[in-house]
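Take a look at the structure set out below.
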Amino acid sequence: MKRGDSLARRLLAWLLVPLLVLGSLMLLQAWFEARRTADRAFDRLLEAASLAIAEQVQWQDDRLWLDLPPAALEMLATDAEERVFYSLVDRHGRMITGNAELPGDAREAVSDDDTLLYRDIAWQGLSLRQGVRRTRLEEWQLREPFEVRVAHSREGRDALAAELWRANLAMILAMAALAIVALLLAIRTALAPLTRLRRAIRSRDPRTLAPLALRLPRELAELRDTVNDLLARMRRVRANQERFIGDASHQLRTPLAGLSARAELALRQDDPARWREALVAMQATSTRTARLAMQLLSLTRLANPEYCPELTPLSLNAIAREAVREHWTACHRAGIDLGVAGAAAEVEVAGIDWQLAEALGNLIDNARRYGARHVTIRVGEAPPSLAVEDDGPGIPPARRLLMLRPFHRDRDDVEGSGLGLAIVDGIARTHGARLEMSEGPGGAGLRVTLVFPGDTP
């Protein structure tokens with residue numbers, strides 16, 4: 001929807017379109033009805049005029065004879081000053097008398113039946129309405145058929161039709177104006193609950209996530225419930241963030257307090273050996289604290305819903321080999337056998353190299369901290385997968401999902417922050433992969449697998 005667009009204007013436009021179409025059809029129907037009404041009214045005059053003329057037809061000297069009364073044609077004269085024409089025609093189609101030789105109607109021959117036919121004709125450059133009366137002269141010894149043809153121009157009809165149409169037009173326009181006013185009031189009334197909802201949302205304190213409690217129509221009630229569901233999810237997110245911040249503060253406060261205590265203790269000593277011992281301990285603590293800070297930053301970035309990095313084609317074999325090279329020295333010093341079992345063919349996925357490297361690093365570090373002696377990085381082909389297997393104590397199936405929560409550790413006697421698996425889970429979601437945890441080789445230890453989507457880049 002364009003900026004500045006209005007739902008009220010859209011509704012008004014969509015409702016006015018059929019209203020305008022209906023109004024146009026009503027105007028068209030009113031115009032045709034006005035013409036039909038005018039034709040019926042003037043056709044009655046044609047009927048009366050032709051009947052008045054027919055009643056004056058007589059038989060004299062073996063021929064038809066007409067003494068036309070002025071009233072017979074005056075009844076056709078109106079304020080529009082139409083031109084009036086008539087003619088008397090015998091049974092053979094010969095004109096007996098009249099002021100114009102009007103054409104006949106070929107639909108029927110002259111018969112003994114008294115009939116009246118109407119039609120529109122173009123004659124001598126004029127548009128005329130003609131009435132043809134077919135009748136007969138009856139005497140005790142004579143039955144003579146004849147036709148009375150009467151026609152007049154359409155000025156009066158058109159004037160009457162225009163007057164009737166103008167009256168209908170005024171009524172239709174008044175009805176349209178009332179309909180538009182009613183439509184505007186109806187739209188405003190229908191959108192009033194939406195206005196209340198907008199004002200309620202706008203007036204809320206941005207720090208509150210309490211649900212909305214407005215009485216709304218069913219359609220807007222669904223929107224209110226959807227907003228309330230969103231607020232409920234935001235409350236859960238905020239609660240998780242507050243818990244995360246609290247846990248992170250606790251995790252950072254402990255080593256920082258230890259650094260401060262060791263530094264204070266070292267300052268009270270005069271023995272350089274004690275100073276060196278304190279410096280070594282402080283270096284180890286600062287290293288763990290720096291790693292914790294990096295893990296917190298990684299987890300925070302992965303939890304950001306607006307973080308949408310670009311995925312590029314990566315080789316899982318290359319990622320696994322690089323992880324072995326990076327962590328081999330630390331594992332070798334700890335007496336851990338670190339190896340890689342690559343796939344026979346090249347396996348590519350769409351991903352981010354540093355994130356996958358960090359995931360493998362966290363899994364290797366977890367295996368090292370929890371007492372594993374053999375760690376293997378395994379690459380799968382169908383579907384593409386990246387797994388870290390170890391022969392350590394493993395994790396009971398009932399506790400595996402809990403291990404994905406930040407700062408949750410399976411054992412308290414092992415150094416660590418409890419962020420490793422949470423970070424791996426976030427990296428898996430970023431890559432659209434599925435995180436699986438199961439027993440290691442031979443039913444011992446732990447296998448953590450990232451199963452990527454089957455389609456390769």
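Here's how to read the names in the structure tokens: chain A, B, ... by the order shown, residue numbers from 1 in each chain, ligand numbers from 1 in the order shown.
Residues within 7 Å of region 33-36 of chain A, counting only C-alpha atoms and excluding same-chain residues fewer than 5 positions away, are Ala161, Leu164 and Trp165 of chain A.
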| field | Who sits within 10 Å of region 327-330 of chain A, only C-alpha atoms, same chain under 3 positions skipped, as a PyMOL selection string | value | chain A and resi 322-324+333-339+360-361+364-365+368
| task | Fewer than 3 positions away in the same chain doesn't count, so skip those; otherwise give me all residues within 12 Å of Arg198 (chain A), counting only C-alpha atoms, as a list in words. | result |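 Final neighbour list, sorted by chain and number: Leu191, Ala192, Pro193, Leu194, Thr195, Ile201, Arg202, Ser203, Arg204, Leu212, Leu214, Leu216, Leu220, Leu223, Arg224 and Val227 of chain A.
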Export N, CA and C atoms of the chosen residues as a PDB file, in the first residue's frame?
ATOM      1  N   LEU A 191     -15.402   1.882  10.648  1.00  0.00           N
ATOM      2  CA  LEU A 191     -13.975   1.990  10.952  1.00  0.00           C
ATOM      3  C   LEU A 191     -13.697   2.597  12.320  1.00  0.00           C
ATOM      4  N   ALA A 192     -14.745   2.966  13.037  1.00  0.00           N
ATOM      5  CA  ALA A 192     -14.537   3.551  14.368  1.00  0.00           C
ATOM      6  C   ALA A 192     -13.809   2.590  15.311  1.00  0.00           C
ATOM      7  N   PRO A 193     -14.153   1.276  15.347  1.00  0.00           N
ATOM      8  CA  PRO A 193     -13.376   0.369  16.216  1.00  0.00           C
ATOM      9  C   PRO A 193     -11.901   0.300  15.835  1.00  0.00           C
ATOM     10  N   LEU A 194     -11.608   0.386  14.538  1.00  0.00           N
ATOM     11  CA  LEU A 194     -10.212   0.381  14.111  1.00  0.00           C
ATOM     12  C   LEU A 194      -9.496   1.631  14.612  1.00  0.00           C
ATOM     13  N   THR A 195     -10.204   2.748  14.609  1.00  0.00           N
ATOM     14  CA  THR A 195      -9.618   3.984  15.138  1.00  0.00           C
ATOM     15  C   THR A 195      -9.349   3.852  16.633  1.00  0.00           C
ATOM     16  N   ILE A 201      -3.273   1.540  20.830  1.00  0.00           N
ATOM     17  CA  ILE A 201      -1.884   1.104  20.633  1.00  0.00           C
ATOM     18  C   ILE A 201      -0.942   2.296  20.700  1.00  0.00           C
ATOM     19  N   ARG A 202      -1.349   3.417  20.106  1.00  0.00           N
ATOM     20  CA  ARG A 202      -0.472   4.596  20.075  1.00  0.00           C
ATOM     21  C   ARG A 202      -0.283   5.196  21.461  1.00  0.00           C
ATOM     22  N   SER A 203      -1.299   5.102  22.318  1.00  0.00           N
ATOM     23  CA  SER A 203      -1.214   5.722  23.642  1.00  0.00           C
ATOM     24  C   SER A 203      -0.544   4.822  24.678  1.00  0.00           C
ATOM     25  N   ARG A 204      -0.182   3.609  24.301  1.00  0.00           N
ATOM     26  CA  ARG A 204       0.424   2.692  25.265  1.00  0.00           C
ATOM     27  C   ARG A 204       1.856   3.096  25.593  1.00  0.00           C
ATOM     28  N   LEU A 212      -3.887  -6.185  25.044  1.00  0.00           N
ATOM     29  CA  LEU A 212      -4.951  -5.212  24.808  1.00  0.00           C
ATOM     30  C   LEU A 212      -6.276  -5.796  25.281  1.00  0.00           C
ATOM     31  N   LEU A 214      -9.679  -4.459  24.515  1.00  0.00           N
ATOM     32  CA  LEU A 214     -10.719  -3.657  23.873  1.00  0.00           C
ATOM     33  C   LEU A 214     -11.833  -4.567  23.371  1.00  0.00           C
ATOM     34  N   LEU A 216     -14.115  -5.321  20.538  1.00  0.00           N
ATOM     35  CA  LEU A 216     -14.058  -5.021  19.109  1.00  0.00           C
ATOM     36  C   LEU A 216     -14.923  -6.004  18.344  1.00  0.00           C
ATOM     37  N   LEU A 220     -11.916  -7.406  13.829  1.00  0.00           N
ATOM     38  CA  LEU A 220     -10.857  -6.694  14.537  1.00  0.00           C
ATOM     39  C   LEU A 220     -10.458  -7.424  15.808  1.00  0.00           C
ATOM     40  N   LEU A 223      -7.605  -9.437  14.913  1.00  0.00           N
ATOM     41  CA  LEU A 223      -6.394  -8.622  14.869  1.00  0.00           C
ATOM     42  C   LEU A 223      -5.888  -8.329  16.278  1.00  0.00           C
ATOM     43  N   ARG A 224      -6.808  -8.002  17.194  1.00  0.00           N
ATOM     44  CA  ARG A 224      -6.414  -7.753  18.587  1.00  0.00           C
ATOM     45  C   ARG A 224      -5.764  -8.992  19.192  1.00  0.00           C
ATOM     46  N   VAL A 227      -2.314  -9.358  17.839  1.00  0.00           N
ATOM     47  CA  VAL A 227      -1.388  -8.425  18.500  1.00  0.00           C
ATOM     48  C   VAL A 227      -1.066  -8.909  19.912  1.00  0.00           C
TER      49      VAL A 227
END
| task | Name the closest residue to Leu45 (chain A) among the candidates A:Pro453, A:Pro313, A:Gly156, A:Pro272; distances are taken between atoms, counting only C-alpha atoms. | result | A:Gly156
| said: Among region 319-359 of chain A, which residues does DSSP mark as strand (DSSP E) when it is run on the backbone? Keep the chain and numbering as in the structure and answer as a list in words. | reply: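 DSSP on the backbone gives strand (DSSP E) at Asp337, Leu338, Gly339, Val340, Ala341, Glu348, Val349, Ala350 and Gly351 of chain A.
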Output file for the selection above: all heavy atoms, as a PDB file, in the first residue's frame:
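Result went into again_4.pdb, see below:
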ATOM      1  N   ASP A 337      43.058 -37.337  20.815  1.00  0.00           N
ATOM      2  CA  ASP A 337      43.270 -37.715  19.422  1.00  0.00           C
ATOM      3  C   ASP A 337      42.186 -37.052  18.573  1.00  0.00           C
ATOM      4  O   ASP A 337      41.017 -37.457  18.613  1.00  0.00           O
ATOM      5  CB  ASP A 337      43.212 -39.235  19.274  1.00  0.00           C
ATOM      6  CG  ASP A 337      43.454 -39.678  17.826  1.00  0.00           C
ATOM      7  OD1 ASP A 337      43.955 -38.855  17.034  1.00  0.00           O
ATOM      8  OD2 ASP A 337      43.125 -40.834  17.493  1.00  0.00           O
ATOM      9  N   LEU A 338      42.543 -36.027  17.818  1.00  0.00           N
ATOM     10  CA  LEU A 338      41.601 -35.276  16.984  1.00  0.00           C
ATOM     11  C   LEU A 338      41.829 -35.652  15.525  1.00  0.00           C
ATOM     12  O   LEU A 338      42.968 -35.577  15.039  1.00  0.00           O
ATOM     13  CB  LEU A 338      41.786 -33.771  17.179  1.00  0.00           C
ATOM     14  CG  LEU A 338      40.918 -32.855  16.306  1.00  0.00           C
ATOM     15  CD1 LEU A 338      39.437 -33.053  16.602  1.00  0.00           C
ATOM     16  CD2 LEU A 338      41.301 -31.382  16.524  1.00  0.00           C
ATOM     17  N   GLY A 339      40.766 -36.077  14.844  1.00  0.00           N
ATOM     18  CA  GLY A 339      40.895 -36.460  13.445  1.00  0.00           C
ATOM     19  C   GLY A 339      39.667 -36.069  12.645  1.00  0.00           C
ATOM     20  O   GLY A 339      38.685 -35.533  13.171  1.00  0.00           O
ATOM     21  N   VAL A 340      39.739 -36.326  11.349  1.00  0.00           N
ATOM     22  CA  VAL A 340      38.649 -35.990  10.433  1.00  0.00           C
ATOM     23  C   VAL A 340      38.366 -37.180   9.547  1.00  0.00           C
ATOM     24  O   VAL A 340      39.275 -37.878   9.105  1.00  0.00           O
ATOM     25  CB  VAL A 340      39.000 -34.737   9.589  1.00  0.00           C
ATOM     26  CG1 VAL A 340      40.255 -34.956   8.765  1.00  0.00           C
ATOM     27  CG2 VAL A 340      37.834 -34.341   8.703  1.00  0.00           C
ATOM     28  N   ALA A 341      37.084 -37.418   9.298  1.00  0.00           N
ATOM     29  CA  ALA A 341      36.630 -38.462   8.371  1.00  0.00           C
ATOM     30  C   ALA A 341      35.822 -37.760   7.293  1.00  0.00           C
ATOM     31  O   ALA A 341      34.610 -37.569   7.429  1.00  0.00           O
ATOM     32  CB  ALA A 341      35.802 -39.513   9.094  1.00  0.00           C
ATOM     33  N   GLU A 348      29.108 -29.721  -0.826  1.00  0.00           N
ATOM     34  CA  GLU A 348      28.978 -28.271  -0.711  1.00  0.00           C
ATOM     35  C   GLU A 348      27.609 -27.910  -0.143  1.00  0.00           C
ATOM     36  O   GLU A 348      26.592 -28.547  -0.464  1.00  0.00           O
ATOM     37  CB  GLU A 348      29.160 -27.594  -2.073  1.00  0.00           C
ATOM     38  CG  GLU A 348      30.593 -27.582  -2.569  1.00  0.00           C
ATOM     39  CD  GLU A 348      30.762 -26.676  -3.776  1.00  0.00           C
ATOM     40  OE1 GLU A 348      29.736 -26.180  -4.287  1.00  0.00           O
ATOM     41  OE2 GLU A 348      31.908 -26.459  -4.199  1.00  0.00           O
ATOM     42  N   VAL A 349      27.589 -26.889   0.679  1.00  0.00           N
ATOM     43  CA  VAL A 349      26.350 -26.348   1.234  1.00  0.00           C
ATOM     44  C   VAL A 349      26.440 -24.830   1.176  1.00  0.00           C
ATOM     45  O   VAL A 349      27.522 -24.259   1.001  1.00  0.00           O
ATOM     46  CB  VAL A 349      26.128 -26.805   2.697  1.00  0.00           C
ATOM     47  CG1 VAL A 349      25.975 -28.314   2.786  1.00  0.00           C
ATOM     48  CG2 VAL A 349      27.252 -26.310   3.600  1.00  0.00           C
ATOM     49  N   ALA A 350      25.303 -24.177   1.325  1.00  0.00           N
ATOM     50  CA  ALA A 350      25.272 -22.716   1.414  1.00  0.00           C
ATOM     51  C   ALA A 350      25.416 -22.335   2.874  1.00  0.00           C
ATOM     52  O   ALA A 350      24.588 -22.715   3.713  1.00  0.00           O
ATOM     53  CB  ALA A 350      23.956 -22.171   0.850  1.00  0.00           C
ATOM     54  N   GLY A 351      26.480 -21.613   3.194  1.00  0.00           N
ATOM     55  CA  GLY A 351      26.707 -21.293   4.594  1.00  0.00           C
ATOM     56  C   GLY A 351      27.675 -20.154   4.786  1.00  0.00           C
ATOM     57  O   GLY A 351      28.071 -19.457   3.842  1.00  0.00           O
TER      58      GLY A 351
END
| Exercise: region 264-266 of chain A partners within 8 Å, only C-alpha atoms, chain neighbours under 4 positions left out, as a ChimeraX atom specification | /A:260,274-275,278
Resulting file, chosen residues, all heavy atoms, as a PDB file, in the first residue's frame:
ATOM      1  N   SER A 260      40.152  -9.393  40.374  1.00  0.00           N
ATOM      2  CA  SER A 260      40.383  -8.314  41.337  1.00  0.00           C
ATOM      3  C   SER A 260      40.957  -8.864  42.645  1.00  0.00           C
ATOM      4  O   SER A 260      41.884  -8.273  43.233  1.00  0.00           O
ATOM      5  CB  SER A 260      39.066  -7.580  41.591  1.00  0.00           C
ATOM      6  OG  SER A 260      39.250  -6.575  42.569  1.00  0.00           O
ATOM      7  N   ARG A 274      55.262 -15.514  44.267  1.00  0.00           N
ATOM      8  CA  ARG A 274      53.819 -15.350  44.456  1.00  0.00           C
ATOM      9  C   ARG A 274      53.225 -14.432  43.389  1.00  0.00           C
ATOM     10  O   ARG A 274      52.094 -14.650  42.922  1.00  0.00           O
ATOM     11  CB  ARG A 274      53.549 -14.775  45.847  1.00  0.00           C
ATOM     12  CG  ARG A 274      53.913 -15.715  46.991  1.00  0.00           C
ATOM     13  CD  ARG A 274      52.995 -16.948  46.965  1.00  0.00           C
ATOM     14  NE  ARG A 274      53.262 -17.826  48.088  1.00  0.00           N
ATOM     15  CZ  ARG A 274      52.665 -17.728  49.280  1.00  0.00           C
ATOM     16  NH1 ARG A 274      51.821 -16.755  49.499  1.00  0.00           N
ATOM     17  NH2 ARG A 274      52.966 -18.584  50.227  1.00  0.00           N
ATOM     18  N   TRP A 275      53.989 -13.432  43.001  1.00  0.00           N
ATOM     19  CA  TRP A 275      53.500 -12.571  41.928  1.00  0.00           C
ATOM     20  C   TRP A 275      53.328 -13.350  40.620  1.00  0.00           C
ATOM     21  O   TRP A 275      52.334 -13.189  39.917  1.00  0.00           O
ATOM     22  CB  TRP A 275      54.483 -11.415  41.702  1.00  0.00           C
ATOM     23  CG  TRP A 275      54.541 -10.447  42.854  1.00  0.00           C
ATOM     24  CD1 TRP A 275      53.694 -10.357  43.911  1.00  0.00           C
ATOM     25  CD2 TRP A 275      55.534  -9.445  43.043  1.00  0.00           C
ATOM     26  NE1 TRP A 275      54.061  -9.357  44.776  1.00  0.00           N
ATOM     27  CE2 TRP A 275      55.210  -8.756  44.257  1.00  0.00           C
ATOM     28  CE3 TRP A 275      56.661  -9.037  42.334  1.00  0.00           C
ATOM     29  CZ2 TRP A 275      55.971  -7.707  44.757  1.00  0.00           C
ATOM     30  CZ3 TRP A 275      57.410  -7.969  42.840  1.00  0.00           C
ATOM     31  CH2 TRP A 275      57.056  -7.324  44.041  1.00  0.00           C
ATOM     32  N   ALA A 278      50.289 -15.531  40.791  1.00  0.00           N
ATOM     33  CA  ALA A 278      49.063 -14.739  40.624  1.00  0.00           C
ATOM     34  C   ALA A 278      48.870 -14.316  39.176  1.00  0.00           C
ATOM     35  O   ALA A 278      47.750 -14.327  38.641  1.00  0.00           O
ATOM     36  CB  ALA A 278      49.110 -13.521  41.542  1.00  0.00           C
TER      37      ALA A 278
END
| note | Shortest contact to Ser127 (chain A), candidates A:Val388, A:Val89, A:Ala49, A:Val84, atoms counted only C-alpha atoms, goes to A:Val84
| field | Atomic distance CA of Asp43 (chain A) - CA of Ala162 (chain A), expressed in Å with one decimal | value |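 Taking CA of Asp43 (chain A) as the start and CA of Ala162 (chain A) as the end point, the length is 17.0 Å.
The residue that comes closest to Ala344 (chain A), out of A:Cys331, A:Ala290, A:Leu116, A:Leu316 and on the basis of only C-alpha atoms, is A:Leu316.
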Would you mind listing what lies within 10 Å of Arg235 (chain A) as a PDB file with N, CA and C atoms, in the first residue's frame, with only C-alpha atoms counted and same-chain residues fewer than 5 positions away left out?
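Saved file selection.pdb follows:
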ATOM      1  N   THR A 208       5.523  -1.255  28.281  1.00  0.00           N
ATOM      2  CA  THR A 208       4.577  -2.263  28.734  1.00  0.00           C
ATOM      3  C   THR A 208       4.232  -3.209  27.603  1.00  0.00           C
ATOM      4  N   LEU A 209       4.086  -4.470  27.950  1.00  0.00           N
ATOM      5  CA  LEU A 209       3.707  -5.502  26.979  1.00  0.00           C
ATOM      6  C   LEU A 209       2.438  -6.214  27.417  1.00  0.00           C
ATOM      7  N   ALA A 210       1.624  -5.508  28.207  1.00  0.00           N
ATOM      8  CA  ALA A 210       0.364  -6.092  28.659  1.00  0.00           C
ATOM      9  C   ALA A 210      -0.584  -6.258  27.477  1.00  0.00           C
ATOM     10  N   ASP A 229      -1.044 -11.999  20.892  1.00  0.00           N
ATOM     11  CA  ASP A 229      -0.099 -13.116  20.765  1.00  0.00           C
ATOM     12  C   ASP A 229       1.319 -12.607  20.534  1.00  0.00           C
ATOM     13  N   LEU A 230       1.435 -11.575  19.694  1.00  0.00           N
ATOM     14  CA  LEU A 230       2.756 -10.987  19.465  1.00  0.00           C
ATOM     15  C   LEU A 230       3.328 -10.406  20.758  1.00  0.00           C
ATOM     16  N   ASN A 240      13.354 -13.923  28.474  1.00  0.00           N
ATOM     17  CA  ASN A 240      14.573 -14.678  28.159  1.00  0.00           C
ATOM     18  C   ASN A 240      15.791 -13.757  28.104  1.00  0.00           C
ATOM     19  N   GLN A 241      15.604 -12.566  27.531  1.00  0.00           N
ATOM     20  CA  GLN A 241      16.714 -11.631  27.468  1.00  0.00           C
ATOM     21  C   GLN A 241      17.145 -11.181  28.861  1.00  0.00           C
TER      22      GLN A 241
END
Please report as a Markdown table every residue of region 341-410 of chain A lying within 9 Å of region 448-452 of chain A, along with the nearest atom pair and their distance in Å (one decimal), using only C-alpha atoms.
| residue | atom | partner | partner_atom | distance |
| --- | --- | --- | --- | --- |
| A:Val349 | CA | A:Phe452 | CA | 7.3 |
| A:Ala350 | CA | A:Phe452 | CA | 8.9 |
| A:Leu363 | CA | A:Val448 | CA | 7.8 |
| A:Arg378 | CA | A:Thr449 | CA | 8.9 |
| A:Gly380 | CA | A:Val451 | CA | 8.7 |
| A:Pro383 | CA | A:Val451 | CA | 6.8 |
| A:Pro384 | CA | A:Phe452 | CA | 5.5 |
| A:Ser385 | CA | A:Val451 | CA | 4.4 |
| A:Leu386 | CA | A:Leu450 | CA | 5.2 |
| A:Ala387 | CA | A:Thr449 | CA | 4.1 |
| A:Val388 | CA | A:Val448 | CA | 5.5 |
| A:Glu389 | CA | A:Val448 | CA | 6.7 |
| message | Using DSSP assignments from the backbone, pull out every residue in region 61-280 of chain A that falls under helix (DSSP H, G or I) and give it to me as a PyMOL selection string. | response | chain A and resi 70-74+155-202+218-267+272-280
| message | Can you pull out the residues contacting region 394-403 of chain A? Cut-off 6 Å, using only C-alpha atoms, and skip same-chain residues under 2 positions away; I want them as a list in words. | response | Gly392, Arg405, His408, Gly445 and Leu446 of chain A
| field | Nearest candidate to Ile187 (chain A) (options A:Thr97, A:Asn228, A:Ser6, A:Asn168; using only C-alpha atoms) | value |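 So, comparing all the options, the nearest one is A:Ser6.
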| message | Using Å and a single decimal, report how far CA of Trp31 (chain A) sits from CA of Leu178 (chain A). | response |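 Those two atoms sit 21.4 Å apart.
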| message | For Ala343 (chain A), find every residue with an atom within 7 Å (counting only C-alpha atoms), except residues of its own chain fewer than 6 positions away, and show them as a ChimeraX atom specification. | response | /A:317,379-381
Please write the residues from the selection above to a file, keeping N, CA and C atoms, as a tab-separated table (two decimals), in the first residue's frame.
chain	number	residue	atom	x	y	z
A	317	ASN	N	34.16	-30.60	3.53
A	317	ASN	CA	35.46	-31.25	3.74
A	317	ASN	C	36.53	-30.21	4.12
A	379	VAL	N	32.12	-35.90	7.93
A	379	VAL	CA	31.35	-35.22	6.89
A	379	VAL	C	30.46	-36.25	6.20
A	380	GLY	N	29.17	-35.97	6.11
A	380	GLY	CA	28.22	-36.85	5.43
A	380	GLY	C	27.81	-36.28	4.09
A	381	GLU	N	27.37	-37.18	3.19
A	381	GLU	CA	27.03	-36.75	1.83
A	381	GLU	C	25.53	-36.64	1.62
